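A short worksheet on the structure shown next.
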Amino acid sequence: MSADGDDANRRSSERFGVTWLVDCETEDTFLYAKVTNISELGIFVRTTSPLAVGTAVRLRFAPQTGMAFDLEGQVQWINPARPT
């Protein structure tokens, strides 16, 4: 959070908190991960092994609605785990 507490206002689209299991596949890697929030501009995928910025990914997940998604995208940024 920024010093002025205005982080939420920096986002151009609303984010929705979710907990969905996702298969994350690259050209040479396969990870089991979780989608933890989603917006019209992107998806945050939580994993213990973040992929490099620029990596092409395929995400496969099925939210509780029963509708399955198979999406292609690219890692835009990472948020490395911080010690607590």
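Residue numbering restarts at 1 in every chain; chains get A, B, ... in the order shown in the structure tokens, and ligands count up from 1 in that same order.
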
request  = May I have the residues within 8 Å of range 63-76 of chain A as a list in words, using only C-alpha atoms and disregarding those fewer than 5 positions away in the same chain?
outcome  =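 Listed by chain and then number, they are Trp20, Leu51, Ala52, Val53, Gly54, Thr55, Ala56, Val57 and Arg58 of chain A.
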
task = Report as a VMD selection string: the residues of chain A with a DSSP assignment of strand (DSSP E or B), based on the backbone of this structure.
result = chain A and resid 16 to 25 30 to 39 42 to 46 56 to 61 69 to 74

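Of the listed residues A:Ser49, A:Asn79, A:Val35, A:Leu41, the one whose atoms come nearest to Asp23 in chain A is A:Val35, with distances taken using only C-alpha atoms.
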
message = Please compute the CA of Phe44 in chain A-CA of Ser12 in chain A distance, one decimal, in Å.
response = 15.2 Å

message = What's the separation between CA of Ala62 in chain A and CA of Cys24 in chain A, in Å to one decimal place?
response =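 Atom-to-atom, CA of Ala62 in chain A to CA of Cys24 in chain A, that is 12.7 Å.
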
key: Tyr32 in chain A environment, 12 Å, only C-alpha atoms, sequence neighbours closer than 6 positions dropped, as a list in words   = Trp20, Leu21, Val22, Asp23, Cys24, Glu25, Thr26, Val45, Arg46, Thr47, Thr48, Ser49, Pro50, Arg58, Leu59, Arg60 and Phe61 of chain A

query = DSSP says helix (DSSP H, G or I) for which residues of chain A? Put them as number ranges by chain?
reply = A: 7-10

message = Which residue is closest to Arg15 in chain A? Choose from A:Phe30, A:Ile43, A:Pro80, A:Ile38 and count only C-alpha atoms.
response = A:Ile38
